[in-house]
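Peer 1: File run.csv follows (CSV, C-alpha atoms):
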chain,number,residue,atom,x,y,z
O,9,MET,CA,-26.1,-9.8,26.0
O,10,SER,CA,-22.4,-9.2,25.7
O,11,ILE,CA,-21.2,-8.0,22.3
O,12,PHE,CA,-18.3,-10.5,22.4
O,13,ARG,CA,-17.2,-13.7,24.1
O,14,HIS,CA,-13.7,-14.7,25.0
O,15,GLY,CA,-11.9,-17.6,26.6
O,16,TYR,CA,-8.6,-18.6,27.9
O,17,GLN,CA,-7.4,-22.2,27.8
O,18,LEU,CA,-4.1,-23.7,29.0
O,19,SER,CA,-2.3,-27.0,28.2
O,20,THR,CA,-4.0,-27.5,24.9
O,21,VAL,CA,-2.6,-30.2,22.6
O,22,CYS,CA,-1.8,-29.2,19.1
O,23,PRO,CA,-3.5,-31.7,16.7
O,24,SER,CA,-0.7,-31.7,14.1
O,25,SER,CA,2.3,-32.1,16.5
O,26,GLY,CA,0.8,-33.6,19.6
O,27,GLN,CA,2.7,-31.1,21.7
O,28,ALA,CA,1.3,-29.1,24.6
O,29,ILE,CA,0.7,-25.5,23.8
O,30,HIS,CA,-0.9,-22.5,25.5
O,31,THR,CA,-3.8,-21.1,23.5
O,32,VAL,CA,-5.7,-17.8,23.8
O,33,LYS,CA,-8.8,-17.5,21.6
O,34,PHE,CA,-11.3,-14.6,21.4
O,35,GLN,CA,-14.5,-14.8,19.4
O,36,GLN,CA,-15.3,-11.5,17.7
O,37,ARG,CA,-18.7,-10.0,17.1
O,38,ARG,CA,-19.7,-10.8,13.5
O,39,ILE,CA,-19.6,-7.8,11.2
O,40,PRO,CA,-20.4,-8.6,7.6
O,41,PRO,CA,-17.8,-7.7,5.0
O,42,HIS,CA,-18.3,-4.5,3.1
O,43,HIS,CA,-18.3,-4.8,-0.6
O,44,GLY,CA,-20.0,-1.5,-1.6
O,45,GLN,CA,-18.5,1.3,-3.5
O,46,ASP,CA,-18.3,3.5,-0.4
O,47,PHE,CA,-16.2,1.0,1.5
O,48,GLN,CA,-13.9,0.5,-1.5
O,49,ARG,CA,-13.6,4.3,-1.8
O,50,LEU,CA,-12.5,4.6,1.8
O,51,TYR,CA,-10.3,1.5,2.1
O,52,GLY,CA,-9.6,0.1,-1.3
O,53,LEU,CA,-7.9,2.9,-3.2
O,54,ARG,CA,-5.3,1.9,-5.7
O,55,GLN,CA,-3.1,4.9,-5.7
O,56,TRP,CA,-0.2,3.2,-7.5
O,57,SER,CA,-2.0,1.7,-10.5
O,58,ASN,CA,-0.2,2.5,-13.8
O,59,ASN,CA,-1.2,2.7,-17.4
O,60,GLY,CA,1.3,0.0,-18.4
O,61,LYS,CA,3.2,-2.8,-16.7
O,62,GLN,CA,6.4,-1.9,-14.9
O,63,HIS,CA,9.7,-3.2,-16.1
O,64,MET,CA,10.8,-6.0,-13.8
O,65,LYS,CA,14.2,-7.7,-14.0
O,66,VAL,CA,14.3,-11.4,-13.2
O,67,VAL,CA,17.1,-11.9,-10.6
O,68,SER,CA,16.5,-15.7,-10.1
O,69,ASP,CA,14.1,-18.4,-11.2
O,70,SER,CA,14.1,-21.8,-9.6
O,71,ARG,CA,11.9,-24.9,-9.8
O,72,CYS,CA,10.4,-25.7,-6.4
O,73,PHE,CA,7.6,-28.2,-5.4
O,74,GLY,CA,6.5,-28.2,-9.0
O,75,GLY,CA,6.1,-24.4,-9.2
O,76,GLN,CA,8.6,-21.5,-9.8
O,77,GLN,CA,10.3,-19.5,-7.1
O,78,LYS,CA,11.2,-16.2,-8.7
O,79,VAL,CA,12.9,-13.0,-7.5
O,80,TYR,CA,12.4,-9.7,-9.3
O,81,GLU,CA,14.0,-6.3,-9.1
O,82,HIS,CA,12.3,-3.1,-10.2
O,83,TYR,CA,12.5,0.7,-9.5
O,84,SER,CA,10.0,1.7,-6.9
O,85,ALA,CA,8.3,5.1,-7.4
O,86,VAL,CA,7.2,5.0,-3.7
O,87,LEU,CA,10.6,4.2,-2.3
O,88,ASN,CA,12.6,6.2,-4.8
O,89,PHE,CA,15.0,3.3,-5.2
O,90,ARG,CA,15.5,-0.2,-6.6
O,91,MET,CA,13.6,-2.9,-4.8
O,92,ARG,CA,13.4,-6.7,-4.9
O,93,PHE,CA,10.6,-9.0,-4.1
O,94,ALA,CA,10.1,-12.8,-4.4
O,95,VAL,CA,7.1,-14.5,-5.9
O,96,TYR,CA,6.3,-18.2,-5.6
O,97,ILE,CA,3.9,-19.4,-8.4
O,98,PRO,CA,2.4,-22.9,-8.0
O,99,GLU,CA,2.1,-25.0,-11.2
O,100,LYS,CA,-1.0,-25.6,-13.3
O,101,LEU,CA,-2.9,-22.4,-12.3
O,102,GLU,CA,-6.0,-22.2,-14.5
O,103,ARG,CA,-7.8,-19.3,-12.9
O,104,PRO,CA,-7.1,-16.1,-10.9
O,105,THR,CA,-5.2,-17.3,-7.9
O,106,PRO,CA,-5.3,-16.2,-4.2
O,107,VAL,CA,-2.3,-14.3,-3.0
O,108,LEU,CA,-0.5,-14.2,0.3
O,109,TYR,CA,2.0,-11.5,1.2
O,110,HIS,CA,4.8,-12.4,3.6
O,111,LEU,CA,6.8,-9.7,5.4
O,112,SER,CA,10.1,-10.7,6.9
O,113,GLY,CA,11.9,-9.4,10.0
O,114,MET,CA,15.0,-7.4,10.5
O,115,LEU,CA,18.4,-8.8,9.4
O,116,CYS,CA,16.5,-10.6,6.6
O,117,SER,CA,16.0,-10.0,2.9
O,118,GLU,CA,13.7,-11.2,0.1
O,119,LYS,CA,15.8,-14.4,-0.1
O,120,THR,CA,15.9,-15.4,3.6
O,121,PHE,CA,12.3,-16.4,3.9
O,122,ILE,CA,12.2,-18.3,0.6
O,123,GLN,CA,15.4,-20.3,1.4
O,124,LYS,CA,14.8,-21.2,5.0
O,125,SER,CA,11.1,-21.5,5.9
O,126,GLY,CA,10.0,-24.3,3.6
O,127,PHE,CA,6.7,-22.5,2.8
O,128,GLN,CA,6.7,-23.5,-0.8
O,129,ARG,CA,5.5,-27.0,0.0
O,130,TRP,CA,2.3,-25.5,1.5
O,131,ALA,CA,1.8,-22.8,-1.1
O,132,ALA,CA,2.0,-25.5,-3.8
O,133,HIS,CA,-0.4,-27.7,-1.8
O,134,TYR,CA,-3.1,-25.1,-1.5
O,135,GLY,CA,-2.4,-23.3,-4.8
O,136,ILE,CA,-1.5,-19.9,-3.4
O,137,ILE,CA,0.8,-17.3,-5.0
O,138,VAL,CA,3.2,-16.0,-2.3
O,139,VAL,CA,4.8,-12.5,-2.5
O,140,SER,CA,7.7,-11.6,-0.2
O,141,PRO,CA,9.4,-8.2,-0.6
O,142,ASP,CA,12.8,-7.2,0.8
O,143,VAL,CA,12.5,-5.6,4.2
O,144,CYS,CA,13.6,-2.2,3.1
O,145,PRO,CA,15.3,-0.3,0.2
O,146,ARG,CA,19.0,-1.0,0.2
O,147,VAL,CA,19.9,2.7,0.1
O,148,ASN,CA,22.9,4.2,1.8
O,149,LEU,CA,21.9,7.5,3.5
O,150,GLY,CA,25.3,7.9,5.2
O,151,VAL,CA,23.8,8.2,8.7
O,152,GLU,CA,26.7,7.6,11.1
O,153,ASN,CA,26.5,4.7,13.5
O,154,ASN,CA,22.9,4.0,12.5
O,155,GLN,CA,21.6,0.4,12.6
O,156,ILE,CA,18.5,1.0,10.4
O,157,GLU,CA,20.3,0.5,7.1
O,158,ALA,CA,22.6,-2.3,8.4
O,159,ASN,CA,19.8,-4.3,9.9
O,160,GLY,CA,16.9,-3.5,7.6
O,161,MET,CA,14.8,-1.9,10.4
O,162,SER,CA,12.0,-0.4,8.2
O,163,TYR,CA,9.2,-1.5,10.6
O,164,TYR,CA,6.9,-1.2,7.5
O,165,VAL,CA,5.9,2.3,8.3
O,166,ASN,CA,5.9,5.6,6.4
O,167,ALA,CA,8.7,7.8,7.8
O,168,VAL,CA,8.1,11.5,8.1
O,169,LYS,CA,11.5,12.7,9.3
O,170,LYS,CA,14.5,13.3,7.1
O,171,PRO,CA,16.6,11.6,5.8
O,172,TRP,CA,14.4,8.5,6.1
O,173,SER,CA,11.2,10.1,4.6
O,174,LYS,CA,12.5,9.9,1.0
O,175,ASN,CA,13.0,6.2,0.8
O,176,PHE,CA,11.5,4.6,3.9
O,177,GLN,CA,7.8,4.4,2.8
O,178,MET,CA,7.5,0.7,3.3
O,179,TYR,CA,3.8,0.8,4.4
O,180,SER,CA,2.8,2.4,1.1
O,181,TYR,CA,5.0,0.0,-0.8
O,182,VAL,CA,3.5,-3.1,0.8
O,183,ASN,CA,-0.1,-2.0,0.7
O,184,GLU,CA,-0.3,0.1,-2.5
O,185,GLU,CA,2.5,-0.1,-5.0
O,186,LEU,CA,3.5,-3.8,-4.6
O,187,PRO,CA,-0.1,-5.2,-4.8
O,188,SER,CA,-0.7,-3.0,-7.9
O,189,ILE,CA,2.4,-4.5,-9.6
O,190,ILE,CA,1.4,-8.0,-8.6
O,191,GLN,CA,-2.2,-7.5,-10.0
O,192,GLU,CA,-0.9,-6.1,-13.3
O,193,ASN,CA,1.7,-8.8,-13.9
O,194,PHE,CA,0.4,-12.0,-12.4
O,195,ASN,CA,-2.9,-13.9,-12.6
O,196,VAL,CA,-4.1,-13.2,-9.0
O,197,ASN,CA,-7.5,-12.8,-7.6
O,198,LYS,CA,-7.4,-9.3,-6.0
O,199,ASP,CA,-10.4,-10.1,-3.9
O,200,LYS,CA,-8.6,-13.0,-2.2
O,201,GLN,CA,-5.5,-11.8,-0.5
O,202,SER,CA,-4.1,-12.3,3.0
O,203,ILE,CA,-1.0,-11.1,4.8
O,204,MET,CA,1.5,-12.6,7.3
O,205,GLY,CA,4.9,-11.9,8.7
O,206,HIS,CA,7.6,-12.7,11.3
O,207,SER,CA,8.9,-10.4,14.1
O,208,MET,CA,9.1,-6.9,12.6
O,209,GLY,CA,7.2,-8.3,9.6
O,210,GLY,CA,4.5,-9.6,11.9
O,211,HIS,CA,4.2,-6.0,13.1
O,212,GLY,CA,3.9,-4.9,9.5
O,213,ALA,CA,1.2,-7.6,8.7
O,214,LEU,CA,-0.9,-6.7,11.8
O,215,ILE,CA,-0.8,-2.9,11.1
O,216,SER,CA,-1.6,-3.5,7.4
O,217,ALA,CA,-4.7,-5.5,8.3
O,218,LEU,CA,-5.8,-3.1,11.0
O,219,LYS,CA,-5.4,0.0,8.9
O,220,ASN,CA,-7.2,-1.5,5.9
O,221,PRO,CA,-10.4,-3.1,7.1
O,222,GLY,CA,-11.7,-5.8,4.7
O,223,LYS,CA,-8.6,-5.7,2.4
O,224,PHE,CA,-7.1,-9.0,3.7
O,225,ARG,CA,-9.2,-12.1,4.3
O,226,SER,CA,-6.9,-13.2,7.1
O,227,VAL,CA,-3.7,-12.1,8.9
O,228,SER,CA,-1.1,-14.1,10.8
O,229,ALA,CA,2.1,-13.5,12.6
O,230,LEU,CA,5.1,-15.4,14.0
O,231,ALA,CA,6.5,-13.8,17.1
O,232,PRO,CA,5.3,-10.3,16.1
O,233,VAL,CA,6.4,-7.0,17.6
O,234,CYS,CA,3.0,-6.0,19.0
O,235,ASN,CA,3.4,-2.8,21.0
O,236,PRO,CA,6.5,-0.9,19.7
O,237,SER,CA,5.4,2.5,21.0
O,238,GLN,CA,5.8,1.1,24.6
O,239,SER,CA,9.0,-0.8,24.0
O,240,PRO,CA,12.2,1.2,24.7
O,241,ASP,CA,14.3,-0.4,22.0
O,242,GLU,CA,11.6,-0.2,19.4
O,243,ARG,CA,10.9,3.4,20.3
O,244,LEU,CA,14.5,4.3,19.5
O,245,ILE,CA,13.9,3.1,15.9
O,246,LEU,CA,10.5,4.8,15.6
O,247,LYS,CA,11.9,8.1,16.8
O,248,CYS,CA,14.2,8.1,13.8
O,249,TYR,CA,11.1,8.0,11.6
O,250,PHE,CA,8.6,10.2,13.6
O,251,GLY,CA,10.5,12.1,16.2
O,252,ASP,CA,9.6,11.8,19.9
O,253,ASP,CA,5.8,12.0,19.1
O,254,ASN,CA,3.9,9.3,21.0
O,255,LYS,CA,0.6,10.0,19.2
O,256,THR,CA,2.2,9.4,15.8
O,257,MET,CA,3.9,6.3,17.0
O,258,GLU,CA,0.6,4.9,18.3
O,259,LYS,CA,-0.8,5.2,14.8
O,260,TRP,CA,1.7,2.5,13.8
O,261,ASP,CA,1.2,0.3,16.8
O,262,SER,CA,-1.1,-2.8,16.4
O,263,THR,CA,-2.0,-2.8,20.1
O,264,CYS,CA,-3.2,0.8,19.9
O,265,LEU,CA,-4.9,0.2,16.5
O,266,VAL,CA,-6.8,-2.8,17.6
O,267,ALA,CA,-8.5,-0.8,20.4
O,268,ASP,CA,-10.3,1.4,17.8
O,269,TYR,CA,-10.7,-1.2,15.0
O,270,LYS,CA,-14.1,-1.1,13.3
O,271,GLY,CA,-14.5,-3.5,10.4
O,272,PRO,CA,-15.0,-7.1,9.3
O,273,GLU,CA,-13.5,-10.0,11.3
O,274,LEU,CA,-9.7,-10.0,11.0
O,275,ASN,CA,-9.1,-13.8,11.3
O,276,ILE,CA,-5.9,-13.4,13.3
O,277,LEU,CA,-3.5,-16.3,14.0
O,278,ILE,CA,-0.3,-15.7,16.1
O,279,HIS,CA,2.4,-18.1,17.3
O,280,GLN,CA,5.3,-17.2,19.7
O,281,GLY,CA,7.9,-19.4,21.3
O,282,SER,CA,8.0,-19.7,25.1
O,283,ASN,CA,11.9,-19.3,24.9
O,284,ASP,CA,11.8,-16.2,22.7
O,285,ALA,CA,14.7,-14.1,23.8
O,286,TYR,CA,12.9,-11.0,22.6
O,287,GLU,CA,9.7,-11.6,24.6
O,288,ASP,CA,9.9,-8.3,26.4
O,289,ASP,CA,10.3,-6.3,23.2
O,290,LEU,CA,7.4,-8.2,21.5
O,291,ARG,CA,4.9,-7.3,24.2
O,292,LEU,CA,2.4,-10.0,23.1
O,293,GLU,CA,0.5,-9.8,26.4
O,294,SER,CA,-0.4,-6.1,25.7
O,295,PHE,CA,-1.9,-7.1,22.3
O,296,ILE,CA,-3.9,-10.0,24.0
O,297,SER,CA,-5.3,-7.6,26.5
O,298,ALA,CA,-6.2,-5.0,23.8
O,299,CYS,CA,-8.0,-7.7,21.7
O,300,LYS,CA,-9.9,-9.0,24.7
O,301,LYS,CA,-11.0,-5.5,25.7
O,302,ALA,CA,-12.1,-4.6,22.1
O,303,GLY,CA,-13.8,-7.9,21.4
O,304,ILE,CA,-11.4,-8.7,18.5
O,305,ALA,CA,-11.1,-12.4,17.6
O,306,ALA,CA,-7.6,-13.9,17.8
O,307,SER,CA,-6.0,-17.3,18.1
O,308,ILE,CA,-2.8,-16.9,19.9
O,309,ASN,CA,-0.5,-19.8,20.7
O,310,ILE,CA,2.6,-20.0,23.0
O,311,GLU,CA,4.7,-22.9,21.8
O,312,GLU,CA,6.8,-24.6,24.6
O,313,GLY,CA,10.5,-24.5,24.1
O,314,TYR,CA,10.7,-22.6,20.8
O,315,ASP,CA,12.7,-19.4,20.2
O,316,HIS,CA,12.6,-16.6,17.7
O,317,GLY,CA,14.4,-18.0,14.7
O,318,PHE,CA,13.8,-20.0,11.5
O,319,TYR,CA,13.6,-23.4,13.2
O,320,PHE,CA,10.5,-21.9,15.0
O,321,ILE,CA,9.1,-20.5,11.7
O,322,SER,CA,9.5,-23.7,9.8
O,323,SER,CA,7.9,-25.7,12.6
O,324,PHE,CA,4.6,-23.8,12.4
O,325,ILE,CA,4.5,-22.5,8.8
O,326,GLU,CA,2.1,-25.3,7.9
O,327,GLN,CA,-0.4,-24.2,10.5
O,328,HIS,CA,-0.3,-20.6,9.1
O,329,TYR,CA,-0.8,-21.7,5.5
O,330,HIS,CA,-3.7,-23.9,6.6
O,331,HIS,CA,-5.2,-21.0,8.4
O,332,HIS,CA,-5.0,-18.7,5.4
O,333,ALA,CA,-6.2,-21.4,3.0
O,334,LYS,CA,-9.5,-21.6,5.0
O,335,PHE,CA,-10.2,-18.0,3.9
O,336,LEU,CA,-8.5,-17.9,0.5
O,337,CYS,CA,-9.3,-21.2,-1.1
O,338,ASP,CA,-13.1,-21.5,-0.6
O,339,SER,CA,-15.5,-21.6,-3.5
O,340,SER,CA,-16.8,-18.0,-3.0
Any chance you could put this one into structure tokens?
Peer 2:
Amino acid sequence: MSIFRHGYQLSTVCPSSGQAIHTVKFQQRRIPPHHGQDFQRLYGLRQWSNNGKQHMKVVSDSRCFGGQQKVYEHYSAVLNFRMRFAVYIPEKLERPTPVLYHLSGMLCSEKTFIQKSGFQRWAAHYGIIVVSPDVCPRVNLGVENNQIEANGMSYYVNAVKKPWSKNFQMYSYVNEELPSIIQENFNVNKDKQSIMGHSMGGHGALISALKNPGKFRSVSALAPVCNPSQSPDERLILKCYFGDDNKTMEKWDSTCLVADYKGPELNILIHQGSNDAYEDDLRLESFISACKKAGIAASINIEEGYDHGFYFISSFIEQHYHHHAKFLCDSS
């Protein structure tokens, strides 16, 4: 008997929009979640927990769909710089609430997603707290003609090369320091958290789920960068952080990570537009092939006529929140 089953289906009709889409779905072998102390010791370490709550400055606070959309600023010990993150808090929360982390793409900030995507409607509907950090610390390192600072190209990795290594530790910030701050300051259920992202942020969401088996109940991505170690433009950015070391780059590449993944089901959802101008850089087909070979479940949708921007994001954000709600808002 095969350890996994997979299927490929074309010209599927989306039930919510009635539009034809292409869908790739793989069913993963079932591995029960690990809740024991050994699993938590290996994958659930909280390195950035503090004795007291961090000081957070409220930058903005706006009423939205009955809840509050807030932006905070704090000093990050991991990034060695000030950092901002947005939090949407639905109204009338009476018990610890599920939390969804959203990672934005380059050229964005903590404000772009909260102002353009319309996610608050669905976060309020399902009762999910949503946390969206800025894409990088806004530090000026004075590197001549470098686009990383100008365009926020953090790629949610931990840099090892100077001058980036001091401040560009976004993987540790997203997966360790920020969740610790959220758990200390907000009424969240730390056992019910998921992650998603767009473009570069989709890359960050996928590697976060793959590097932390069992930490996130689900993961989704909108037009994610899937195979940066094999994309010439993305390699130029990764070389700034790691040097020309292919093996190190592969440790931060979701297509490479999925080949060796051992853990609970990931519950992956991905959407990409058929008119995405960055299709060659995203390399979604490589990720599909790796999932198929490894027997990793994924629902991957190619949406006819859509591009890479926020019209695309806002068109399918409902499906992503419905996906995460299935795993975050159950009774268990």
Peer 1: Point out the residue among O:Ala231, O:Ala305, O:Val143, O:Ile156 with the least atom-to-atom distance to Leu111 (chain O), counting only C-alpha atoms.
Peer 2: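 Of O:Ala231, O:Ala305, O:Val143, O:Ile156, the one nearest Leu111 (chain O), counting only C-alpha atoms, is O:Val143.
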Peer 1: Which of these residues is nearest to Arg90 (chain O), using all atoms listed in the file: O:Leu274, O:His63, O:Ala306, O:Pro236?
Peer 2: O:His63
Peer 1: Quick one: of O:Ile245, O:Ile276, O:Ala298, O:Ile215, who's nearest to Ser262 (chain O), counting only C-alpha atoms?
Peer 2: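 Closest candidate: O:Ile215.
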Peer 1: For Asn309 (chain O), which residue out of O:Ala85, O:Leu101, O:Leu292, O:Ile136 is the nearest one, using all atoms listed in the file?
Peer 2: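 Smallest distance to Asn309 (chain O) is found for O:Leu292.
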Peer 1: So, with all atoms listed in the file as the atoms that count, which of O:Asn159, O:Ser202, O:Ser84, O:Gln76 lies closest to Ile189 (chain O)?
Peer 2: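 Selected residue with least distance to Ile189 (chain O): O:Ser84.
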Peer 1: Check the smallest atom-to-atom distance from each of O:Asn154, O:Asn254, O:Thr105, O:Ser282 to Ala131 (chain O) using only C-alpha atoms, then report the winner.
Peer 2: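 Ranked by minimum distance to Ala131 (chain O), first place goes to O:Thr105.
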Peer 1: Any idea what the distance is between CA of Met257 (chain O) and CA of His206 (chain O)?
Peer 2: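 Those two atoms sit 20.2 Å apart.
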Peer 1: Once all heavy atoms are restored for region 228-238 of chain O, what would the output be as a compact mmCIF listing (two decimals), in the coordinates of the input?
Peer 2:
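The file below, result27.txt, is the result:
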# COMPACT_ATOMS: atom_id res chain seq x y z
N SER O 228 -1.80 -13.31 9.80
CA SER O 228 -1.10 -14.10 10.80
C SER O 228 0.27 -13.59 11.04
O SER O 228 0.83 -12.85 10.22
CB SER O 228 -1.08 -15.60 10.38
OG SER O 228 -0.12 -15.81 9.36
N ALA O 229 0.83 -13.97 12.19
CA ALA O 229 2.10 -13.50 12.60
C ALA O 229 2.88 -14.49 13.41
O ALA O 229 2.29 -15.16 14.26
CB ALA O 229 2.03 -12.15 13.31
N LEU O 230 4.18 -14.60 13.17
CA LEU O 230 5.10 -15.40 14.00
C LEU O 230 5.95 -14.53 14.80
O LEU O 230 6.72 -13.73 14.27
CB LEU O 230 5.90 -16.32 13.04
CG LEU O 230 5.10 -17.37 12.26
CD1 LEU O 230 5.69 -17.59 10.87
CD2 LEU O 230 5.05 -18.68 13.02
N ALA O 231 5.78 -14.60 16.12
CA ALA O 231 6.50 -13.80 17.10
C ALA O 231 6.55 -12.30 16.65
O ALA O 231 7.60 -11.70 16.46
CB ALA O 231 7.97 -14.30 17.17
N PRO O 232 5.36 -11.68 16.52
CA PRO O 232 5.30 -10.30 16.10
C PRO O 232 5.68 -9.28 17.14
O PRO O 232 5.46 -9.51 18.32
CB PRO O 232 3.84 -10.14 15.67
CG PRO O 232 3.12 -11.05 16.62
CD PRO O 232 4.03 -12.24 16.78
N VAL O 233 6.25 -8.17 16.70
CA VAL O 233 6.40 -7.00 17.60
C VAL O 233 4.98 -6.37 17.65
O VAL O 233 4.42 -5.95 16.65
CB VAL O 233 7.38 -5.98 16.99
CG1 VAL O 233 7.43 -4.73 17.85
CG2 VAL O 233 8.76 -6.61 16.85
N CYS O 234 4.41 -6.34 18.85
CA CYS O 234 3.00 -6.00 19.00
C CYS O 234 2.74 -4.58 19.55
O CYS O 234 1.66 -4.04 19.35
CB CYS O 234 2.30 -7.00 19.92
SG CYS O 234 2.18 -8.65 19.25
N ASN O 235 3.71 -4.02 20.26
CA ASN O 235 3.40 -2.80 21.00
C ASN O 235 4.70 -1.89 20.98
O ASN O 235 5.21 -1.51 22.03
CB ASN O 235 3.00 -3.10 22.40
CG ASN O 235 2.35 -1.96 23.15
OD1 ASN O 235 2.23 -2.03 24.36
ND2 ASN O 235 1.92 -0.92 22.47
N PRO O 236 5.23 -1.55 19.78
CA PRO O 236 6.50 -0.90 19.70
C PRO O 236 6.57 0.50 20.36
O PRO O 236 7.63 0.93 20.81
CB PRO O 236 6.80 -0.79 18.20
CG PRO O 236 5.45 -0.85 17.57
CD PRO O 236 4.65 -1.77 18.44
N SER O 237 5.43 1.18 20.43
CA SER O 237 5.40 2.50 21.00
C SER O 237 5.72 2.47 22.52
O SER O 237 6.07 3.49 23.12
CB SER O 237 4.09 3.22 20.78
OG SER O 237 3.04 2.60 21.50
N GLN O 238 5.58 1.29 23.13
CA GLN O 238 5.80 1.10 24.60
C GLN O 238 7.05 0.29 24.86
O GLN O 238 7.29 -0.06 26.01
CB GLN O 238 4.58 0.52 25.23
CG GLN O 238 3.32 1.36 25.09
CD GLN O 238 3.51 2.76 25.65
OE1 GLN O 238 4.00 2.93 26.77
NE2 GLN O 238 3.10 3.77 24.88
